[in-house]
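Shown below: final-v9.json, with JSON, C-alpha atoms.
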```json
[["chain", "number", "residue", "atom", "x", "y", "z"],
["A", 234, "MET", "CA", -43.05, 2.19, 16.99],
["A", 235, "SER", "CA", -39.94, 0.41, 15.89],
["A", 236, "ASP", "CA", -36.68, 1.86, 17.05],
["A", 237, "ALA", "CA", -34.76, 0.19, 14.25],
["A", 238, "GLU", "CA", -32.50, 2.58, 12.35],
["A", 239, "PRO", "CA", -33.70, 3.19, 8.82],
["A", 240, "THR", "CA", -31.46, 1.67, 6.17],
["A", 241, "PRO", "CA", -29.18, 4.41, 4.87],
["A", 242, "ALA", "CA", -29.35, 5.33, 1.21],
["A", 243, "ILE", "CA", -26.66, 3.68, -0.86],
["A", 244, "HIS", "CA", -24.45, 6.74, -1.24],
["A", 245, "ASP", "CA", -24.32, 7.16, 2.55],
["A", 246, "MET", "CA", -21.27, 4.95, 3.01],
["A", 247, "GLY", "CA", -19.78, 6.12, 6.29],
["A", 248, "GLY", "CA", -19.13, 3.01, 8.39],
["A", 249, "LEU", "CA", -20.96, 0.68, 6.01],
["A", 250, "SER", "CA", -20.08, -2.87, 7.04],
["A", 251, "ARG", "CA", -20.24, -4.10, 3.45],
["A", 252, "PHE", "CA", -16.72, -2.82, 2.76],
["A", 253, "ARG", "CA", -15.38, -3.34, 6.24],
["A", 254, "CYS", "CA", -12.89, -6.03, 5.28],
["A", 255, "SER", "CA", -11.91, -4.67, 1.87],
["A", 256, "PRO", "CA", -8.61, -2.85, 1.60],
["A", 257, "VAL", "CA", -8.61, 0.51, -0.15],
["A", 258, "GLU", "CA", -7.52, -0.01, -3.72],
["A", 259, "ARG", "CA", -4.76, 2.54, -4.26],
["A", 260, "ASP", "CA", -6.01, 3.97, -7.49],
["A", 261, "GLU", "CA", -3.92, 7.08, -8.08],
["A", 262, "ALA", "CA", -4.79, 7.65, -11.72],
["A", 263, "PRO", "CA", -6.14, 11.07, -12.65],
["A", 264, "PRO", "CA", -9.53, 11.10, -14.39],
["A", 265, "ASP", "CA", -9.47, 9.92, -18.00],
["A", 266, "ALA", "CA", -10.49, 12.16, -20.91],
["A", 267, "PHE", "CA", -14.17, 11.25, -20.45],
["A", 268, "GLY", "CA", -14.01, 12.07, -16.74],
["A", 269, "LYS", "CA", -12.26, 15.39, -17.27],
["A", 270, "ARG", "CA", -14.81, 16.38, -19.88],
["A", 271, "VAL", "CA", -17.77, 15.53, -17.62],
["A", 272, "ASP", "CA", -16.03, 17.37, -14.80],
["A", 273, "ALA", "CA", -15.51, 20.49, -16.94],
["A", 274, "LEU", "CA", -19.09, 20.33, -18.20],
["A", 275, "ARG", "CA", -20.39, 20.25, -14.61],
["A", 276, "GLN", "CA", -18.35, 23.31, -13.72],
["A", 277, "VAL", "CA", -19.38, 25.27, -16.80],
["A", 278, "LEU", "CA", -23.05, 24.46, -16.14],
["A", 279, "ALA", "CA", -22.64, 25.61, -12.53],
["A", 280, "GLN", "CA", -20.94, 28.81, -13.64],
["A", 281, "LYS", "CA", -23.91, 29.55, -15.87],
["A", 282, "GLY", "CA", -26.38, 28.93, -13.10],
["A", 283, "LEU", "CA", -27.85, 25.88, -14.82],
["A", 284, "MET", "CA", -27.14, 23.50, -11.93],
["A", 285, "THR", "CA", -25.60, 23.39, -8.45],
["A", 286, "VAL", "CA", -23.40, 20.88, -6.62],
["A", 287, "ASP", "CA", -26.32, 20.00, -4.36],
["A", 288, "GLU", "CA", -28.43, 19.18, -7.39],
["A", 289, "LEU", "CA", -25.61, 17.03, -8.77],
["A", 290, "ARG", "CA", -25.54, 15.19, -5.45],
["A", 291, "ARG", "CA", -29.31, 14.70, -5.43],
["A", 292, "GLY", "CA", -29.12, 13.23, -8.92],
["A", 293, "ILE", "CA", -26.32, 10.85, -7.94],
["A", 294, "GLU", "CA", -28.04, 9.82, -4.74],
["A", 295, "ALA", "CA", -31.24, 9.02, -6.64],
["A", 296, "ILE", "CA", -29.49, 6.39, -8.79],
["A", 297, "PRO", "CA", -30.91, 2.97, -7.86],
["A", 298, "GLU", "CA", -28.43, 0.72, -6.11],
["A", 299, "PRO", "CA", -27.76, -1.86, -8.85],
["A", 300, "GLU", "CA", -27.09, 0.92, -11.34],
["A", 301, "TYR", "CA", -25.02, 2.93, -8.81],
["A", 302, "PHE", "CA", -22.55, 0.10, -8.42],
["A", 303, "GLY", "CA", -22.48, -0.62, -12.15],
["A", 304, "LEU", "CA", -21.47, 2.87, -13.20],
["A", 305, "THR", "CA", -18.04, 4.47, -13.01],
["A", 306, "TYR", "CA", -17.66, 7.63, -10.96],
["A", 307, "TYR", "CA", -18.05, 10.06, -13.86],
["A", 308, "GLU", "CA", -20.79, 7.96, -15.44],
["A", 309, "ARG", "CA", -22.76, 8.62, -12.25],
["A", 310, "TRP", "CA", -22.09, 12.33, -12.71],
["A", 311, "LEU", "CA", -23.23, 12.20, -16.33],
["A", 312, "THR", "CA", -26.40, 10.34, -15.33],
["A", 313, "SER", "CA", -27.14, 13.01, -12.74],
["A", 314, "ILE", "CA", -26.32, 15.98, -14.99],
["A", 315, "THR", "CA", -28.42, 14.58, -17.84],
["A", 316, "GLY", "CA", -31.36, 13.90, -15.52],
["A", 317, "LEU", "CA", -31.20, 17.40, -14.05],
["A", 318, "LEU", "CA", -31.07, 19.15, -17.42],
["A", 319, "LEU", "CA", -34.02, 17.07, -18.65],
["A", 320, "GLU", "CA", -35.94, 17.79, -15.45],
["A", 321, "LYS", "CA", -35.34, 21.52, -15.86],
["A", 322, "GLY", "CA", -36.29, 21.43, -19.53],
["A", 323, "VAL", "CA", -32.86, 22.76, -20.56],
["A", 324, "VAL", "CA", -32.68, 19.85, -23.02],
["A", 325, "THR", "CA", -35.40, 17.52, -24.25],
["A", 326, "PRO", "CA", -35.38, 13.72, -24.56],
["A", 327, "GLU", "CA", -35.68, 14.13, -28.34],
["A", 328, "GLU", "CA", -32.47, 16.14, -28.49],
["A", 329, "LEU", "CA", -30.60, 13.40, -26.66],
["A", 330, "ALA", "CA", -32.11, 10.50, -28.59],
["B", 196, "MET", "CA", -13.92, 1.54, -9.86],
["B", 197, "SER", "CA", -11.35, 2.81, -12.30],
["B", 198, "ALA", "CA", -12.83, 0.90, -15.23],
["B", 199, "PRO", "CA", -13.09, 3.01, -18.38],
["B", 200, "ALA", "CA", -16.43, 4.55, -19.27],
["B", 201, "ARG", "CA", -18.56, 2.52, -21.66],
["B", 202, "PRO", "CA", -18.73, 3.57, -25.34],
["B", 203, "GLU", "CA", -22.43, 4.33, -24.85],
["B", 204, "SER", "CA", -21.53, 6.73, -22.06],
["B", 205, "LEU", "CA", -19.06, 8.53, -24.31],
["B", 206, "ALA", "CA", -21.80, 8.82, -26.93],
["B", 207, "ARG", "CA", -24.30, 9.99, -24.33],
["B", 208, "LEU", "CA", -21.91, 12.75, -23.22],
["B", 209, "GLU", "CA", -21.32, 13.92, -26.78],
["B", 210, "ARG", "CA", -25.08, 14.04, -27.49],
["B", 211, "LEU", "CA", -25.60, 16.15, -24.38],
["B", 212, "VAL", "CA", -22.73, 18.53, -25.22],
["B", 213, "ALA", "CA", -24.01, 18.83, -28.81],
["B", 214, "ALA", "CA", -27.53, 19.65, -27.59],
["B", 215, "LEU", "CA", -26.20, 22.29, -25.20],
["B", 216, "ALA", "CA", -23.89, 23.72, -27.86],
["B", 217, "ALA", "CA", -26.76, 23.93, -30.37],
["B", 218, "LYS", "CA", -28.59, 26.17, -27.87],
["B", 219, "GLY", "CA", -25.54, 28.29, -27.28],
["B", 220, "LEU", "CA", -25.38, 27.20, -23.63],
["B", 221, "VAL", "CA", -21.97, 25.52, -23.64],
["B", 222, "SER", "CA", -19.11, 25.80, -26.13],
["B", 223, "GLU", "CA", -16.07, 23.63, -26.75],
["B", 224, "ALA", "CA", -13.86, 26.63, -25.93],
["B", 225, "GLU", "CA", -15.50, 27.00, -22.52],
["B", 226, "LEU", "CA", -15.07, 23.30, -21.79],
["B", 227, "ALA", "CA", -11.42, 23.38, -22.81],
["B", 228, "ALA", "CA", -10.73, 26.49, -20.71],
["B", 229, "MET", "CA", -12.44, 24.97, -17.68],
["B", 230, "GLN", "CA", -10.54, 21.73, -18.03],
["B", 231, "ALA", "CA", -7.25, 23.59, -18.35],
["B", 232, "ARG", "CA", -8.05, 25.57, -15.20],
["B", 233, "THR", "CA", -8.94, 22.41, -13.30],
["B", 234, "ASP", "CA", -5.79, 20.65, -14.52],
["B", 235, "ARG", "CA", -3.66, 23.47, -13.13],
["B", 236, "ALA", "CA", -4.74, 22.91, -9.50],
["B", 237, "SER", "CA", -2.45, 20.46, -7.72],
["B", 238, "PRO", "CA", -1.38, 19.43, -4.22],
["B", 239, "GLU", "CA", 1.65, 21.68, -4.61],
["B", 240, "ILE", "CA", -0.63, 24.58, -3.74],
["B", 241, "GLY", "CA", -1.75, 22.98, -0.49],
["B", 242, "ALA", "CA", 1.84, 21.96, 0.27],
["B", 243, "ARG", "CA", 3.01, 25.55, -0.13],
["B", 244, "MET", "CA", 0.25, 26.76, 2.21],
["B", 245, "VAL", "CA", 1.42, 24.27, 4.83],
["B", 246, "ALA", "CA", 5.11, 25.10, 4.47],
["B", 247, "ARG", "CA", 4.35, 28.78, 4.91],
["B", 248, "ALA", "CA", 2.31, 28.00, 8.04],
["B", 249, "TRP", "CA", 5.32, 26.18, 9.48],
["B", 250, "LEU", "CA", 7.44, 29.30, 8.99],
["B", 251, "ASP", "CA", 5.10, 32.22, 9.56],
["B", 252, "PRO", "CA", 2.83, 32.35, 12.65],
["B", 253, "ALA", "CA", 0.65, 35.13, 11.21],
["B", 254, "TRP", "CA", 0.06, 33.09, 8.05],
["B", 255, "ARG", "CA", -0.68, 30.03, 10.16],
["B", 256, "ALA", "CA", -3.31, 31.99, 12.08],
["B", 257, "LEU", "CA", -4.92, 33.15, 8.83],
["B", 258, "LEU", "CA", -4.82, 29.62, 7.38],
["B", 259, "LEU", "CA", -6.54, 28.14, 10.41],
["B", 260, "ALA", "CA", -9.10, 30.95, 10.66],
["B", 261, "ASP", "CA", -10.08, 31.03, 6.98],
["B", 262, "GLY", "CA", -8.46, 28.61, 4.56],
["B", 263, "ALA", "CA", -10.22, 30.11, 1.55],
["B", 264, "ALA", "CA", -8.92, 33.59, 2.36],
["B", 265, "ALA", "CA", -5.42, 32.14, 2.73],
["B", 266, "ALA", "CA", -5.75, 30.39, -0.64],
["B", 267, "GLU", "CA", -6.91, 33.62, -2.27],
["B", 268, "ARG", "CA", -3.86, 35.32, -0.76],
["B", 269, "MET", "CA", -1.73, 32.78, -2.65],
["B", 270, "GLY", "CA", -3.42, 33.71, -5.89],
["B", 271, "VAL", "CA", -5.85, 30.77, -6.00],
["B", 272, "SER", "CA", -9.30, 31.76, -7.20],
["B", 273, "MET", "CA", -11.87, 30.43, -4.74],
["B", 274, "ALA", "CA", -14.79, 32.00, -6.61],
["B", 275, "GLY", "CA", -17.67, 29.55, -6.52],
["B", 276, "ALA", "CA", -15.73, 27.13, -4.29],
["B", 277, "PRO", "CA", -17.11, 26.20, -0.87],
["B", 278, "PRO", "CA", -15.29, 27.42, 2.27],
["B", 279, "LEU", "CA", -12.00, 25.69, 3.06],
["B", 280, "GLY", "CA", -11.37, 24.58, 6.63],
["B", 281, "VAL", "CA", -7.87, 23.62, 7.79],
["B", 282, "LEU", "CA", -7.41, 21.00, 10.51],
["B", 283, "GLU", "CA", -4.36, 21.48, 12.70],
["B", 284, "ASN", "CA", -2.56, 18.30, 13.74],
["B", 285, "ARG", "CA", -0.96, 18.54, 17.17],
["B", 286, "PRO", "CA", 0.95, 16.17, 19.40],
["B", 287, "GLY", "CA", -1.73, 13.66, 20.42],
["B", 288, "LEU", "CA", -4.26, 14.69, 17.76],
["B", 289, "HIS", "CA", -4.32, 13.61, 14.11],
["B", 290, "HIS", "CA", -6.94, 14.47, 11.48],
["B", 291, "LEU", "CA", -8.19, 12.37, 8.58],
["B", 292, "VAL", "CA", -10.46, 13.77, 5.86],
["B", 293, "VAL", "CA", -13.07, 11.74, 3.98],
["B", 294, "CYS", "CA", -16.24, 12.43, 2.03],
["B", 295, "THR", "CA", -18.50, 9.59, 3.08],
["B", 296, "LEU", "CA", -21.31, 10.67, 0.75],
["B", 297, "CYS", "CA", -19.36, 11.11, -2.46],
["B", 298, "SER", "CA", -16.04, 12.80, -3.22],
["B", 299, "CYS", "CA", -16.02, 16.34, -1.81],
["B", 300, "TYR", "CA", -12.42, 17.49, -1.81],
["B", 301, "PRO", "CA", -10.62, 20.85, -1.64],
["B", 302, "ARG", "CA", -9.97, 20.77, -5.37],
["B", 303, "ALA", "CA", -8.88, 24.40, -5.65],
["B", 304, "VAL", "CA", -5.79, 23.64, -3.54],
["B", 305, "LEU", "CA", -5.31, 19.87, -4.11],
["B", 306, "GLY", "CA", -6.51, 19.24, -7.66],
["B", 307, "TYR", "CA", -8.65, 16.26, -8.67],
["B", 308, "PRO", "CA", -9.30, 13.76, -5.88],
["B", 309, "PRO", "CA", -7.43, 10.48, -6.47],
["B", 310, "GLY", "CA", -9.43, 7.37, -7.29],
["B", 311, "TRP", "CA", -8.99, 5.87, -3.83],
["B", 312, "TYR", "CA", -10.50, 8.93, -2.15],
["B", 313, "LYS", "CA", -13.69, 8.28, -4.14],
["B", 314, "SER", "CA", -13.66, 4.52, -3.55],
["B", 315, "PHE", "CA", -16.43, 2.79, -1.61],
["B", 316, "GLU", "CA", -13.80, 1.20, 0.67],
["B", 317, "TYR", "CA", -12.21, 4.49, 1.71],
["B", 318, "ARG", "CA", -15.55, 6.23, 2.16],
["B", 319, "SER", "CA", -16.95, 3.51, 4.38],
["B", 320, "ARG", "CA", -13.84, 2.54, 6.34],
["B", 321, "ALA", "CA", -12.26, 5.93, 7.05],
["B", 322, "VAL", "CA", -14.88, 6.57, 9.72],
["B", 323, "ARG", "CA", -15.11, 3.04, 11.08],
["B", 324, "ASP", "CA", -11.52, 1.89, 10.99],
["B", 325, "PRO", "CA", -9.32, 4.96, 10.44],
["B", 326, "ARG", "CA", -6.29, 3.32, 12.04],
["B", 327, "GLY", "CA", -6.67, 0.33, 9.74],
["B", 328, "VAL", "CA", -6.81, 2.65, 6.75],
["B", 329, "LEU", "CA", -3.71, 4.53, 7.94],
["B", 330, "ALA", "CA", -1.92, 1.21, 8.39],
["B", 331, "GLU", "CA", -2.54, 0.43, 4.71],
["B", 332, "TRP", "CA", -0.58, 3.59, 3.91],
["B", 333, "GLY", "CA", 2.13, 2.47, 6.31],
["B", 334, "THR", "CA", 1.24, 5.34, 8.60],
["B", 335, "ALA", "CA", 1.70, 4.65, 12.30],
["B", 336, "LEU", "CA", 0.83, 7.38, 14.79],
["B", 337, "PRO", "CA", 2.56, 7.72, 18.14],
["B", 338, "ALA", "CA", 0.82, 5.73, 20.86],
["B", 339, "GLY", "CA", -2.05, 7.57, 22.48],
["B", 340, "THR", "CA", -2.74, 9.77, 19.45],
["B", 341, "LYS", "CA", -6.42, 10.54, 18.99],
["B", 342, "ILE", "CA", -7.79, 10.57, 15.45],
["B", 343, "ARG", "CA", -10.49, 13.01, 14.43],
["B", 344, "VAL", "CA", -12.15, 11.99, 11.17],
["B", 345, "VAL", "CA", -13.73, 14.94, 9.40],
["B", 346, "ASP", "CA", -16.34, 14.63, 6.65],
["B", 347, "SER", "CA", -15.90, 17.00, 3.70],
["B", 348, "THR", "CA", -19.24, 18.00, 2.23],
["B", 349, "ALA", "CA", -20.68, 19.82, -0.75],
["B", 350, "ASP", "CA", -20.76, 22.95, 1.41],
["B", 351, "TYR", "CA", -17.48, 22.76, 3.32],
["B", 352, "ARG", "CA", -14.11, 21.27, 2.31],
["B", 353, "TRP", "CA", -11.25, 20.33, 4.58],
["B", 354, "MET", "CA", -7.52, 19.83, 4.40],
["B", 355, "VAL", "CA", -5.01, 18.87, 7.07],
["B", 356, "LEU", "CA", -2.20, 21.02, 8.43],
["B", 357, "PRO", "CA", 0.32, 18.33, 9.40],
["B", 358, "MET", "CA", 3.00, 18.82, 12.03],
["B", 359, "ARG", "CA", 6.40, 19.95, 10.84],
["B", 360, "PRO", "CA", 8.82, 17.04, 11.00],
["B", 361, "GLU", "CA", 11.71, 17.28, 13.39],
["B", 362, "GLY", "CA", 15.08, 17.80, 11.79],
["B", 363, "THR", "CA", 13.88, 20.52, 9.42],
["B", 364, "GLU", "CA", 15.15, 23.51, 11.39],
["B", 365, "GLY", "CA", 16.43, 26.23, 9.11],
["B", 366, "TRP", "CA", 14.80, 24.75, 6.00],
["B", 367, "SER", "CA", 13.40, 27.07, 3.33],
["B", 368, "GLU", "CA", 9.76, 27.21, 2.30],
["B", 369, "ASP", "CA", 10.59, 25.33, -0.91],
["B", 370, "GLN", "CA", 12.41, 22.57, 0.98],
["B", 371, "LEU", "CA", 9.55, 22.22, 3.45],
["B", 372, "ALA", "CA", 6.85, 22.28, 0.78],
["B", 373, "ALA", "CA", 8.57, 19.36, -0.96],
["B", 374, "LEU", "CA", 7.91, 17.22, 2.15],
["B", 375, "VAL", "CA", 4.15, 17.79, 2.07],
["B", 376, "THR", "CA", 2.41, 15.22, -0.10],
["B", 377, "ARG", "CA", -1.21, 15.08, -1.13],
["B", 378, "ASP", "CA", -1.65, 12.11, 1.19],
["B", 379, "ALA", "CA", -0.39, 14.18, 4.12],
["B", 380, "LEU", "CA", -2.89, 16.91, 3.26],
["B", 381, "VAL", "CA", -5.72, 14.35, 3.37],
["B", 382, "GLY", "CA", -4.33, 12.79, 6.54],
["B", 383, "VAL", "CA", -3.53, 9.24, 5.37],
["B", 384, "ALA", "CA", 0.21, 9.93, 5.61],
["B", 385, "LEU", "CA", 2.64, 12.11, 7.53],
["B", 386, "PRO", "CA", 5.32, 14.34, 6.03],
["B", 387, "GLN", "CA", 8.52, 12.30, 5.91],
["B", 388, "LEU", "CA", 12.10, 13.36, 5.69],
["B", 389, "PRO", "CA", 13.76, 11.85, 2.65],
["B", 390, "ALA", "CA", 15.76, 8.76, 3.58],
["B", 391, "ARG", "CA", 19.22, 9.96, 4.51],
["B", 392, "ALA", "CA", 22.02, 9.24, 2.12],
["B", 393, "ALA", "CA", 24.47, 6.83, 3.69],
["B", 394, "ALA", "CA", 27.02, 8.83, 5.65]]
```

Please go through the file and, once you have read it, give me the structure as structure tokens.
Amino acid sequence: MSDAEPTPAIHDMGGLSRFRCSPVERDEAPPDAFGKRVDALRQVLAQKGLMTVDELRRGIEAIPEPEYFGLTYYERWLTSITGLLLEKGVVTPEELA
Amino acid sequence: MSAPARPESLARLERLVAALAAKGLVSEAELAAMQARTDRASPEIGARMVARAWLDPAWRALLLADGAAAAERMGVSMAGAPPLGVLENRPGLHHLVVCTLCSCYPRAVLGYPPGWYKSFEYRSRAVRDPRGVLAEWGTALPAGTKIRVVDSTADYRWMVLPMRPEGTEGWSEDQLAALVTRDALVGVALPQLPARAAA
């Protein structure tokens, strides 16, 4: 049996050497209108019992790496929320087409 | 990181909201009310909780035992929010909060997390090189200070109770609260006295 550590999933960034030498970009801006709307939608859906934070996380963590890095923060949320609501049958692909 | 969302993402969001609205599941009024509520939360709430802890030992004990209960006591609704833990800085021990997996943050008492808190660099380096991260904020800890890095999660959020700066004896709660920045509540900075006016 190999004792090599499994490669962590892409969201699992604690200690990742990939960013070891990159300074933290001091982005202080509050979310833009799109971000605030996605944020509010997530909270309203949670309040109505249509999704949980853990489900949001699962959806984000399932985004394949190339796409994960290509999306903005709230685009990742929207991808997760949309996927969850489709998975649960709350909305259909036709309605979103 | 802070690039604007693509037009297709904006369209995707509106299609989703329209589909949910058509089923009566989500309304524009509900979204607006939720956004207004979220916009109201700010680090001033956390700063006030800290200032009170500096002045009132009983409040400090409550804050450290159950941050969510303390927040509720200040009129903050914690309904649906995860528990709030408060990390007490002491001489020789400093705390730094990160969410390595995403962006978990005590939003009820600090508002939206800033962009840098959600950045890949902060998430990866806070645990590996916390002193390097603090240095980027110009934060130097006294020699021999240990740093505990604490991971906020979907199920438990953290904020820091910094040490009260020397030279603030006799200050009011308002004066003290004004010293406590969001960065101090996350642990990347320390409360600073305003630069003294030239005597």

Please, which residues in chain B fall within 9 Å of chain A when counting only C-alpha atoms, and what is the closest atom pair and distance in Å to one decimal for each, ordered by chain then residue number, as a Markdown table?
```
| residue | atom | partner | partner_atom | distance |
| --- | --- | --- | --- | --- |
| B:Met196 | CA | A:Thr305 | CA | 6.0 |
| B:Ser197 | CA | A:Thr305 | CA | 6.9 |
| B:Ala198 | CA | A:Thr305 | CA | 6.7 |
| B:Pro199 | CA | A:Thr305 | CA | 7.4 |
| B:Ala200 | CA | A:Thr305 | CA | 6.5 |
| B:Arg201 | CA | A:Glu308 | CA | 8.6 |
| B:Ser204 | CA | A:Glu308 | CA | 6.8 |
| B:Leu205 | CA | A:Phe267 | CA | 6.8 |
| B:Arg207 | CA | A:Leu329 | CA | 7.5 |
| B:Leu208 | CA | A:Leu311 | CA | 7.0 |
| B:Arg210 | CA | A:Leu329 | CA | 5.6 |
| B:Leu211 | CA | A:Leu329 | CA | 6.1 |
| B:Val212 | CA | A:Leu274 | CA | 8.1 |
| B:Ala213 | CA | A:Leu329 | CA | 8.8 |
| B:Ala214 | CA | A:Glu328 | CA | 6.1 |
| B:Leu215 | CA | A:Val324 | CA | 7.3 |
| B:Lys218 | CA | A:Val324 | CA | 9.0 |
| B:Leu220 | CA | A:Lys281 | CA | 8.2 |
| B:Val221 | CA | A:Val277 | CA | 7.3 |
| B:Glu225 | CA | A:Val277 | CA | 7.1 |
| B:Leu226 | CA | A:Ala273 | CA | 5.6 |
| B:Ala227 | CA | A:Ala273 | CA | 7.7 |
| B:Ala228 | CA | A:Ala273 | CA | 8.5 |
| B:Met229 | CA | A:Ala273 | CA | 5.5 |
| B:Gln230 | CA | A:Ala273 | CA | 5.2 |
| B:Ala231 | CA | A:Ala273 | CA | 8.9 |
| B:Thr233 | CA | A:Ala273 | CA | 7.8 |
| B:Asp234 | CA | A:Lys269 | CA | 8.8 |
| B:Gly275 | CA | A:Gln280 | CA | 7.9 |
| B:Cys294 | CA | A:Gly247 | CA | 8.4 |
| B:Thr295 | CA | A:Gly247 | CA | 4.9 |
| B:Leu296 | CA | A:Asp245 | CA | 5.0 |
| B:Cys297 | CA | A:His244 | CA | 6.8 |
| B:Tyr307 | CA | A:Pro263 | CA | 7.0 |
| B:Pro308 | CA | A:Pro263 | CA | 7.9 |
| B:Pro309 | CA | A:Glu261 | CA | 5.1 |
| B:Gly310 | CA | A:Asp260 | CA | 4.8 |
| B:Trp311 | CA | A:Asp260 | CA | 5.1 |
| B:Tyr312 | CA | A:Asp260 | CA | 8.6 |
| B:Lys313 | CA | A:Tyr306 | CA | 7.9 |
| B:Ser314 | CA | A:Val257 | CA | 7.3 |
| B:Phe315 | CA | A:Met246 | CA | 7.0 |
| B:Glu316 | CA | A:Val257 | CA | 5.3 |
| B:Tyr317 | CA | A:Val257 | CA | 5.7 |
| B:Arg318 | CA | A:Gly247 | CA | 5.9 |
| B:Ser319 | CA | A:Gly247 | CA | 4.3 |
| B:Arg320 | CA | A:Gly248 | CA | 5.7 |
| B:Ala321 | CA | A:Gly247 | CA | 7.6 |
| B:Val322 | CA | A:Gly248 | CA | 5.7 |
| B:Arg323 | CA | A:Gly248 | CA | 4.8 |
| B:Asp324 | CA | A:Arg253 | CA | 8.1 |
| B:Gly327 | CA | A:Pro256 | CA | 9.0 |
| B:Val328 | CA | A:Val257 | CA | 7.4 |
| B:Glu331 | CA | A:Pro256 | CA | 7.6 |
| B:Ala349 | CA | A:Val286 | CA | 6.6 |
| B:Asp350 | CA | A:Asp287 | CA | 8.5 |
```

>> Measuring between all atoms listed in the file, which one of B:Pro389, B:Pro360, B:Gly219, B:Gly287 shows the shortest distance to Arg343 in chain B?
In response: B:Gly287

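In this model, the gap between CA of Asp378 in chain B and CA of Pro337 in chain B comes to 18.0 Å.
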
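One distance worth recording is that between CA of Arg235 in chain B and CA of Val383 in chain B, which is 23.3 Å.
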
>> Please report the interatomic distance between CA of Val304 in chain B and CA of Ser237 in chain B in Å with one decimal.
In response: 6.2 Å

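When the distance limit is 12 Å and only C-alpha atoms are what count, the residues near Met269 in chain B, minus those fewer than 2 positions from it on the same chain, are Glu239, Ile240, Gly241, Ala242, Arg243, Met244, Val245, Arg247, Trp254, Leu257, Leu258, Gly262, Ala263, Ala264, Ala265, Ala266, Glu267, Val271, Ser272, Met273, Ala303 and Val304 of chain B.
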
>> Give me the residues near Asn284 in chain B as a list of chain:residue names, where near means some atom within 9 Å (using all atoms listed in the file) and where sequence neighbours in that chain fewer than 6 positions away do not count.
In response: B:His290, B:Val355, B:Leu356, B:Pro357, B:Met358

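When all atoms listed in the file are used to measure the gap to Thr363 in chain B, the shortest distance among B:Leu250, B:Ala276, B:Ala216, B:Ala236 belongs to B:Leu250.
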
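Excluding Asp346 in chain B itself and same-chain residues fewer than 2 positions from it, the residues having an atom within 8 Å of it are B:Val292, B:Val293, B:Cys294, B:Thr295, B:Val344, B:Thr348, B:Trp353, counting only C-alpha atoms.
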
Could I get range 262-273 of chain B rebuilt with N, CA and C atoms, written as an mmCIF file, in the coordinates of the input?
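part-v4.cif was written with the following content:
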```cif
data_model
loop_
_atom_site.group_PDB
_atom_site.id
_atom_site.type_symbol
_atom_site.label_atom_id
_atom_site.label_comp_id
_atom_site.auth_asym_id
_atom_site.auth_seq_id
_atom_site.Cartn_x
_atom_site.Cartn_y
_atom_site.Cartn_z
ATOM 1 N N GLY B 262 -9.303 29.226 5.575
ATOM 2 C CA GLY B 262 -8.460 28.610 4.560
ATOM 3 C C GLY B 262 -8.680 29.203 3.176
ATOM 4 N N ALA B 263 -9.930 29.555 2.868
ATOM 5 C CA ALA B 263 -10.220 30.110 1.550
ATOM 6 C C ALA B 263 -9.542 31.466 1.379
ATOM 7 N N ALA B 264 -9.571 32.277 2.434
ATOM 8 C CA ALA B 264 -8.920 33.590 2.360
ATOM 9 C C ALA B 264 -7.419 33.403 2.181
ATOM 10 N N ALA B 265 -6.849 32.411 2.875
ATOM 11 C CA ALA B 265 -5.420 32.140 2.730
ATOM 12 C C ALA B 265 -5.110 31.703 1.299
ATOM 13 N N ALA B 266 -5.960 30.851 0.735
ATOM 14 C CA ALA B 266 -5.750 30.390 -0.640
ATOM 15 C C ALA B 266 -5.807 31.566 -1.615
ATOM 16 N N GLU B 267 -6.784 32.435 -1.412
ATOM 17 C CA GLU B 267 -6.910 33.620 -2.270
ATOM 18 C C GLU B 267 -5.630 34.451 -2.189
ATOM 19 N N ARG B 268 -5.080 34.552 -0.979
ATOM 20 C CA ARG B 268 -3.860 35.320 -0.760
ATOM 21 C C ARG B 268 -2.711 34.730 -1.575
ATOM 22 N N MET B 269 -2.793 33.421 -1.851
ATOM 23 C CA MET B 269 -1.730 32.780 -2.650
ATOM 24 C C MET B 269 -2.035 32.831 -4.138
ATOM 25 N N GLY B 270 -3.097 33.556 -4.481
ATOM 26 C CA GLY B 270 -3.420 33.710 -5.890
ATOM 27 C C GLY B 270 -4.351 32.642 -6.444
ATOM 28 N N VAL B 271 -4.914 31.797 -5.554
ATOM 29 C CA VAL B 271 -5.850 30.770 -6.000
ATOM 30 C C VAL B 271 -7.251 31.369 -6.028
ATOM 31 N N SER B 272 -7.939 31.242 -7.145
ATOM 32 C CA SER B 272 -9.300 31.760 -7.200
ATOM 33 C C SER B 272 -10.231 30.788 -6.480
ATOM 34 N N MET B 273 -10.926 31.272 -5.473
ATOM 35 C CA MET B 273 -11.870 30.430 -4.740
ATOM 36 C C MET B 273 -13.308 30.795 -5.113
#
```
